[in-house]
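Chemist: This is the structure I have questions about; it appears just below.
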Amino acid sequence: MERKVYRLADIAARFGGLVMGDADTRVQQIGTLEKATAGQIAFLANAKYHHQLQGSKASAVILSKADAEATAIPRIVCDNPYSYFAKLSAFLNPLPECVPGIHPSAVIGKGTQISPQAHIGPHVTIADGAVIGAGTVVMAGCSIGEGTVLGENVRLYPNVTVYHDCIIGSHFVAHSGAVIGSDGFGYAMEEGRWLKIPQIGRVVIGDHVEIGANTTIDRGALDDTVIEEGVIMDNQIQVAHNVHIGAHTVIAGCVGIAGSAIIGKYCRIGGSAGILGHLQIADNVEIASFTLIGKSITEEGRYAGIYPFSKNDEWRNNAVHLRHLGDLVKRVKALEKEIKSLKGE
Amino acid sequence: MERKVYRLADIAARFGGLVMGDADTRVQQIGTLEKATAGQIAFLANAKYHHQLQGSKASAVILSKADAEATAIPRIVCDNPYSYFAKLSAFLNPLPECVPGIHPSAVIGKGTQISPQAHIGPHVTIADGAVIGAGTVVMAGCSIGEGTVLGENVRLYPNVTVYHDCIIGSHFVAHSGAVIGSDGFGYAMEEGRWLKIPQIGRVVIGDHVEIGANTTIDRGALDDTVIEEGVIMDNQIQVAHNVHIGAHTVIAGCVGIAGSAIIGKYCRIGGSAGILGHLQIADNVEIASFTLIGKSITEEGRYAGIYPFSKNDEWRNNAVHLRHLGDLVKRVKALEKEIKSLKGE
Amino acid sequence: MERKVYRLADIAARFGGLVMGDADTRVQQIGTLEKATAGQIAFLANAKYHHQLQGSKASAVILSKADAEATAIPRIVCDNPYSYFAKLSAFLNPLPECVPGIHPSAVIGKGTQISPQAHIGPHVTIADGAVIGAGTVVMAGCSIGEGTVLGENVRLYPNVTVYHDCIIGSHFVAHSGAVIGSDGFGYAMEEGRWLKIPQIGRVVIGDHVEIGANTTIDRGALDDTVIEEGVIMDNQIQVAHNVHIGAHTVIAGCVGIAGSAIIGKYCRIGGSAGILGHLQIADNVEIASFTLIGKSITEEGRYAGIYPFSKNDEWRNNAVHLRHLGDLVKRVKALEKEIKSLKGE
């Protein structure tokens, strides 16, 4: 593919910002300060990388006003270099166009409504009554269940599975191996056996949601599992039945969210964290990686609960005392009493 | 699909329990106390939701004797409302029937034995010598390895993979993306390189087992990996080679079980927990979420090892001392000695 | 399949070692000391299983010089019984041969270069411009993206997905459900919305790498995600964008590695461990299961950070004090002062 070339002046005309240095400088791709080569435009969004300005071979740089004079490289000065970079990169690296049509190997059920502007790839299975919107791309090996609705401009990468009766908004992206609408984990014990509770709720997903590879979202038991608009989930996340995730929350990889947890808007959840069932998490809560949230959080802010690592022997020598921490506290209390008594208080 | 309607009297005749209020009350679906609408029957199985009886729009309720007089809504009074609800819901929400036949796009190997009562969906691959029982449903995109045996009334949701030579009982359910029989993690180091150890054991699964989406069960190295009857596993669980899981144990999402661990019957393992290799866990052991079991458990009961979360600054101020907990214990011991000496003991 | 039978003398001629006892003893398969039957050769590589020599029904045993006289069973004495066993087992249990050819149900794009010695299975999709080397086996339901290169003797088990423009070496193995080249997790916030940052890097994987079922490796954001030769990864591992994993490192199941982490050679990372983003881990570092590495490790050795489990009540009684550990330290310091003052120091 031949890349198109843009002048800094063209870019600033489209995305704003002030050009400093030669506005005729031509770029065709984004690069990092460290590895960019001629024809690439880099960006400085984090003070940590400031030293990389020096010696960068980028043809141009995107940076903030504060850094405007920090380099002689032709540059675009703007308020938010990171989002500027995101938008410029999306412009320079558009997704492959949706080529409308249904691959002859795809198997399509009865009563479906597939937009003539949708793309259905090889070996796809679409069950009866499913609805697929315009501009939506369903790649190889995906399976769409009965009665499920995919909005417009959805993109399912290969081997995604969506079960029956799910409702998925527009501009949704699911990476390979993601599973939406699998049964929640509900069983009742009777006479030593587990009876399965039918999972008759749905998964309902808003617009502009993206989920990572091998992420799983279970359908609701009776009511629905709900993912609001703009939620971003990384790979290998498990969302149990009847979870509700508020708009624009971001969740890093390997997080597990137990049943009926209700998570606020604009939360940020770190990798491999966990949230127990039936809890409520307020808006704007930030949870550290590897932290289990075991009770509801009603106040915004940052929360953590991570065991600090150390050399193995050190860890062993310290951790052994955790099993007697309550006793240690009692011993300290006893000492405090003794001291008081010795002092004649 | 038009729903069938049942009178409370019909339901009690079939499932037992005592009808109070109008036995002609008609219901067609289950709902939660909170969201049920007319025509739905709710249930009260947890005291926590007792307050939802008031104001519930359910046409009927399933509840225990203790709660029999707590509402005027027509109701079925029974010993175990939760299992009653499970059975009634399964009755009102039967799985789609197995439509026998092999989809023309499926690829079937030589020497297979596929019951004429089985359903093989689109884009399925069944390798040579595989055996598929009556009533078994293999959905779109599944792959069944050479010589593998699936019992009767098995249900594999789309894109499940079962490797060669596995033995799977009847009434087994695997959700999408599950992988059964992949190689265990076995390598020997020689001269700076890892030599792969062929994994020649099988996976053997009993009857009435269910595993969640993207759960993986590795085949044995030499002997088999064994899952006994009635085991229930949630999504994204990793079961390593030669693990043995006892009957009716339930395992929540994201748990990892290392090689050759032997887990008892009727255990309950919380989400994201871990069990190290070669350990033995007794029957009826309950393991909390996020807990790593690092040595064998010989006694039934509840076990936990979770770092309690707090606000980030608080966590930081406390966690830093964990690296010196051994020292702190020594300082307290020294103080105790000093006190004794000061008291002239 | 009829198994070939080998005399101990034949085996020693091929793989070295000293035969003790009847060199005509015939074996055809490997077994464990505990469960081997006649015709099987077991091995003793771990002192823990020494007692199983007695009573073993194996026809022969592989063991070290130190154990040469510990049994009368015919035996092969060698330096490294475990790697000897690995090599002998690979010899006795060869992988199914690669049967060259493209299954008629496979869908092949334009401009691909597929070796006539490669095997492309049923329902596989290979996009435009992909390159597949000789001896490579792509099993049912796999999807290979545009321009991706698979080396020679690669083995992709069913339902593996490789995205576009990835470069994968020879002798690579990926188990079912693995995903390579999915988008990394990169978003910029602007006016309350997350803007996606196009992930234009690749995944580049060296020779002799194996990854487990449902493991995911994201493509780089701008530069590449790199897995060096000989790396072994278990199931359900998440490798984020721009991670670099050094040669011959082994990673157990369920580990999460955050973006841009750089991991050395010959590291060993335990199950469910985590590594935060942008960290550097030296060569030969061993990380315990369930440990989060929150800062760079510059020195080889073993590291851990695991909360020790106990009975639930015990855990609760101790853990509650973790939230006040800083206070406890202060109280001890105050006591030390008091004692000094009481002693007139």
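Each chain in the structure tokens gets a letter, A, B, ..., in the order shown, and its residues are numbered from 1; ligands are numbered from 1 in order too.
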Excluding region 290-303 of chain B and residues on its chain fewer than 3 positions from it, collect all residues at most 10 Å away from it, counting only C-alpha atoms, and give them as a VMD selection string.

Modeler: (chain A and resid 272 to 274 290 to 292) or (chain B and resid 254 to 257 261 to 264 267 to 287 306 to 307) or (chain C and resid 272 289 to 290 306 to 315)

Chemist: Emit the selected residues as a compact mmCIF listing (two decimals), in the first residue's frame, including C-alpha atoms.

Modeler:
# COMPACT_ATOMS: atom_id res chain seq x y z
CA SER A 272 -5.78 -8.65 37.12
CA ALA A 273 -7.90 -6.78 39.66
CA GLY A 274 -11.13 -8.33 40.91
CA PHE A 290 -3.95 -7.08 41.47
CA THR A 291 -6.39 -5.57 43.97
CA LEU A 292 -9.51 -7.40 45.09
CA CYS B 254 -10.39 -17.01 36.33
CA VAL B 255 -9.09 -19.70 38.72
CA GLY B 256 -5.77 -21.36 37.85
CA ILE B 257 -5.04 -24.92 38.96
CA ALA B 261 -3.26 -30.91 41.93
CA ILE B 262 -5.92 -33.21 43.39
CA ILE B 263 -9.08 -31.44 44.50
CA GLY B 264 -11.76 -33.10 46.60
CA CYS B 267 -15.30 -27.97 47.12
CA ARG B 268 -16.08 -24.34 46.32
CA ILE B 269 -13.30 -22.28 44.86
CA GLY B 270 -13.68 -18.51 44.57
CA GLY B 271 -12.85 -16.36 41.57
CA SER B 272 -9.21 -15.79 40.55
CA ALA B 273 -7.98 -18.18 43.25
CA GLY B 274 -4.99 -20.41 42.54
CA ILE B 275 -3.84 -23.86 43.57
CA LEU B 276 -0.21 -24.83 43.21
CA GLY B 277 0.91 -28.05 41.61
CA HIS B 278 0.94 -31.48 43.26
CA LEU B 279 -1.21 -30.32 46.20
CA GLN B 280 -4.14 -32.20 47.66
CA ILE B 281 -7.32 -30.44 48.74
CA ALA B 282 -9.77 -32.34 50.97
CA ASP B 283 -13.49 -32.64 50.25
CA ASN B 284 -15.78 -29.76 51.19
CA VAL B 285 -13.04 -27.16 51.23
CA GLU B 286 -14.07 -23.60 50.46
CA ILE B 287 -11.41 -21.27 49.10
CA ILE B 306 -6.54 -11.82 50.52
CA TYR B 307 -4.74 -8.52 50.87
CA SER C 272 -1.04 -15.86 37.71
CA SER C 289 3.09 -17.47 41.39
CA PHE C 290 0.56 -14.78 42.29
CA ILE C 306 2.14 -13.79 48.09
CA TYR C 307 -0.38 -13.35 50.86
CA PRO C 308 -0.16 -16.56 52.93
CA PHE C 309 -3.52 -18.29 53.22
CA SER C 310 -5.01 -19.63 56.44
CA LYS C 311 -8.38 -20.65 57.84
CA ASN C 312 -10.88 -17.95 57.08
CA ASP C 313 -11.37 -16.72 60.68
CA GLU C 314 -7.65 -16.60 61.27
CA TRP C 315 -7.13 -14.70 58.06

Chemist: Residues of chain A within 8 Å of chain C: nearest atom pair and distance (Å, one decimal) for each, counting only C-alpha atoms, sorted by chain and number, as a Markdown table?

Modeler:
| residue | atom | partner | partner_atom | distance |
| --- | --- | --- | --- | --- |
| A:Ile30 | CA | C:Leu222 | CA | 7.4 |
| A:Gly31 | CA | C:Leu222 | CA | 6.1 |
| A:Thr32 | CA | C:Leu222 | CA | 6.8 |
| A:Lys35 | CA | C:Asp223 | CA | 7.8 |
| A:Tyr82 | CA | C:Ala188 | CA | 6.2 |
| A:Ser83 | CA | C:Ala188 | CA | 5.1 |
| A:Phe85 | CA | C:Ile197 | CA | 8.0 |
| A:Ala86 | CA | C:Ile197 | CA | 4.8 |
| A:Lys87 | CA | C:Leu195 | CA | 7.4 |
| A:Ser89 | CA | C:Pro198 | CA | 6.3 |
| A:Ala90 | CA | C:Pro198 | CA | 5.8 |
| A:Asn93 | CA | C:Pro198 | CA | 6.8 |
| A:Pro122 | CA | C:Thr125 | CA | 6.9 |
| A:His123 | CA | C:His123 | CA | 6.3 |
| A:Ala140 | CA | C:Thr125 | CA | 6.7 |
| A:Gly141 | CA | C:Gly141 | CA | 6.7 |
| A:Pro158 | CA | C:Ser143 | CA | 6.7 |
| A:Asn159 | CA | C:Asn159 | CA | 7.2 |
| A:His175 | CA | C:Ser182 | CA | 6.5 |
| A:Ser176 | CA | C:Val179 | CA | 6.5 |
| A:Gly177 | CA | C:Gly177 | CA | 6.5 |
| A:Gly212 | CA | C:Asp183 | CA | 7.7 |
| A:Ala213 | CA | C:Ser182 | CA | 6.6 |
| A:Asn214 | CA | C:Asn214 | CA | 6.9 |
| A:Gly230 | CA | C:Arg193 | CA | 7.0 |
| A:Asp234 | CA | C:Phe185 | CA | 6.0 |
| A:Asn235 | CA | C:Gln238 | CA | 7.1 |
| A:Gln236 | CA | C:Gln238 | CA | 7.2 |
| A:His248 | CA | C:Arg193 | CA | 6.7 |
| A:Ala252 | CA | C:Phe185 | CA | 7.8 |
| A:Gly253 | CA | C:Gln238 | CA | 7.2 |
| A:Cys254 | CA | C:Gly256 | CA | 6.8 |
| A:Gly271 | CA | C:Gly256 | CA | 7.5 |
| A:Ser272 | CA | C:Gly256 | CA | 7.2 |
| A:Phe290 | CA | C:Leu292 | CA | 7.0 |
| A:Ile306 | CA | C:Leu292 | CA | 7.6 |
| A:Tyr307 | CA | C:Gly305 | CA | 5.5 |
| A:Pro308 | CA | C:Gly305 | CA | 5.6 |
| A:Phe309 | CA | C:Gly305 | CA | 3.9 |
| A:Ser310 | CA | C:Tyr303 | CA | 5.5 |
| A:Lys311 | CA | C:Tyr303 | CA | 4.3 |
| A:Asn312 | CA | C:Tyr303 | CA | 4.5 |
| A:Trp315 | CA | C:Ala304 | CA | 6.2 |
| A:Ala319 | CA | C:Pro308 | CA | 6.7 |
| A:Val320 | CA | C:Pro308 | CA | 7.5 |
| A:Leu322 | CA | C:Asn318 | CA | 6.7 |
| A:Arg323 | CA | C:Asn318 | CA | 6.3 |
| A:His324 | CA | C:Asn318 | CA | 6.5 |
| A:Leu325 | CA | C:Asn318 | CA | 5.1 |
| A:Gly326 | CA | C:Asn318 | CA | 4.7 |
| A:Val329 | CA | C:Leu328 | CA | 7.2 |
| A:Val332 | CA | C:Val332 | CA | 6.9 |
| A:Leu335 | CA | C:Leu335 | CA | 7.6 |
| A:Glu336 | CA | C:Leu335 | CA | 6.9 |
| A:Ile339 | CA | C:Glu338 | CA | 7.4 |
| A:Lys343 | CA | C:Leu342 | CA | 7.8 |

Chemist: Would you save the residues from that selection as a PDB file, in the first residue's frame, using C-alpha atoms?

Modeler:
ATOM      1  CA  ILE A  30       3.591   8.162  13.147  1.00  0.00           C
ATOM      2  CA  GLY A  31       6.653   6.945  15.067  1.00  0.00           C
ATOM      3  CA  THR A  32       8.098   7.033  18.546  1.00  0.00           C
ATOM      4  CA  LYS A  35      12.641   4.982  16.619  1.00  0.00           C
ATOM      5  CA  TYR A  82      -1.566  12.550  23.127  1.00  0.00           C
ATOM      6  CA  SER A  83      -5.074  12.957  21.771  1.00  0.00           C
ATOM      7  CA  PHE A  85      -1.445  11.995  18.080  1.00  0.00           C
ATOM      8  CA  ALA A  86      -4.395   9.596  18.423  1.00  0.00           C
ATOM      9  CA  LYS A  87      -6.453  11.521  15.922  1.00  0.00           C
ATOM     10  CA  SER A  89      -2.694   8.364  13.648  1.00  0.00           C
ATOM     11  CA  ALA A  90      -6.287   7.334  13.003  1.00  0.00           C
ATOM     12  CA  ASN A  93      -3.894   4.607   9.462  1.00  0.00           C
ATOM     13  CA  PRO A 122     -15.686 -16.682   5.332  1.00  0.00           C
ATOM     14  CA  HIS A 123     -17.002 -19.476   7.568  1.00  0.00           C
ATOM     15  CA  ALA A 140     -13.872 -15.205   9.493  1.00  0.00           C
ATOM     16  CA  GLY A 141     -15.273 -17.846  11.782  1.00  0.00           C
ATOM     17  CA  PRO A 158     -12.083 -13.537  13.524  1.00  0.00           C
ATOM     18  CA  ASN A 159     -13.547 -16.214  15.768  1.00  0.00           C
ATOM     19  CA  HIS A 175     -11.214  -8.820  19.210  1.00  0.00           C
ATOM     20  CA  SER A 176     -10.698 -12.468  18.366  1.00  0.00           C
ATOM     21  CA  GLY A 177     -11.875 -15.117  20.751  1.00  0.00           C
ATOM     22  CA  GLY A 212     -10.191  -7.286  23.847  1.00  0.00           C
ATOM     23  CA  ALA A 213      -9.190 -10.738  22.705  1.00  0.00           C
ATOM     24  CA  ASN A 214     -10.670 -13.652  24.663  1.00  0.00           C
ATOM     25  CA  GLY A 230     -17.749   4.149  25.573  1.00  0.00           C
ATOM     26  CA  ASP A 234      -8.685  -5.110  27.399  1.00  0.00           C
ATOM     27  CA  ASN A 235      -7.990  -8.836  26.786  1.00  0.00           C
ATOM     28  CA  GLN A 236      -9.033 -11.790  28.929  1.00  0.00           C
ATOM     29  CA  HIS A 248     -16.436   5.367  29.606  1.00  0.00           C
ATOM     30  CA  ALA A 252      -7.159  -3.501  31.869  1.00  0.00           C
ATOM     31  CA  GLY A 253      -6.423  -7.130  31.048  1.00  0.00           C
ATOM     32  CA  CYS A 254      -7.284 -10.213  33.114  1.00  0.00           C
ATOM     33  CA  GLY A 271      -4.848  -5.409  35.335  1.00  0.00           C
ATOM     34  CA  SER A 272      -5.779  -8.652  37.122  1.00  0.00           C
ATOM     35  CA  PHE A 290      -3.952  -7.078  41.472  1.00  0.00           C
ATOM     36  CA  ILE A 306      -1.242  -5.343  46.647  1.00  0.00           C
ATOM     37  CA  TYR A 307       1.220  -7.538  48.488  1.00  0.00           C
ATOM     38  CA  PRO A 308       4.619  -5.877  47.923  1.00  0.00           C
ATOM     39  CA  PHE A 309       7.109  -8.270  46.376  1.00  0.00           C
ATOM     40  CA  SER A 310      10.662  -8.792  47.561  1.00  0.00           C
ATOM     41  CA  LYS A 311      13.447 -11.335  47.301  1.00  0.00           C
ATOM     42  CA  ASN A 312      12.071 -14.735  48.055  1.00  0.00           C
ATOM     43  CA  TRP A 315       9.303 -12.412  51.620  1.00  0.00           C
ATOM     44  CA  ALA A 319       5.092 -13.248  55.414  1.00  0.00           C
ATOM     45  CA  VAL A 320       5.233 -15.932  58.077  1.00  0.00           C
ATOM     46  CA  LEU A 322       1.184 -12.263  58.877  1.00  0.00           C
ATOM     47  CA  ARG A 323      -0.496 -15.339  60.295  1.00  0.00           C
ATOM     48  CA  HIS A 324       0.126 -13.929  63.796  1.00  0.00           C
ATOM     49  CA  LEU A 325      -0.423 -10.238  63.183  1.00  0.00           C
ATOM     50  CA  GLY A 326      -3.434 -10.177  65.514  1.00  0.00           C
ATOM     51  CA  VAL A 329      -1.082  -6.285  68.055  1.00  0.00           C
ATOM     52  CA  VAL A 332       1.982  -4.364  71.720  1.00  0.00           C
ATOM     53  CA  LEU A 335       3.369  -3.659  76.463  1.00  0.00           C
ATOM     54  CA  GLU A 336       1.649  -0.290  76.419  1.00  0.00           C
ATOM     55  CA  ILE A 339       4.665   0.792  80.489  1.00  0.00           C
ATOM     56  CA  LYS A 343       5.248   4.788  85.007  1.00  0.00           C
TER      57      LYS A 343
END

Chemist: Compile the contact shell of Val77 (chain C) as a list of chain:residue names: residues with an atom at most 7 Å away, counting only C-alpha atoms, same-chain residues fewer than 5 positions apart removed.

Modeler: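 Answer for this query is C:Gly17, C:Leu18, C:Val19, C:Ile62, C:Leu63, C:Ser64, C:Lys65, C:Ala68.
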
Chemist: Suppose you want the space between CA of Ile102 (chain B) and CA of Thr148 (chain B); what is it in Å?

Modeler: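 Value for the CA of Ile102 (chain B)-CA of Thr148 (chain B) distance: 17.6 Å.
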
Chemist: Determine which residues of region 88-257 of chain C receive a DSSP assignment of strand (DSSP E or B), computed from the backbone, and state them as a PyMOL selection string.

Modeler: chain C and resi 101-102+107-108+113-114+119-120+125-126+131-132+137-138+143-144+149-150+155-156+161-162+167-168+173-174+179-182+187-190+193-196+203-205+210-211+216-218+225-227+232-233+238-239+244-245+250-251+256-257
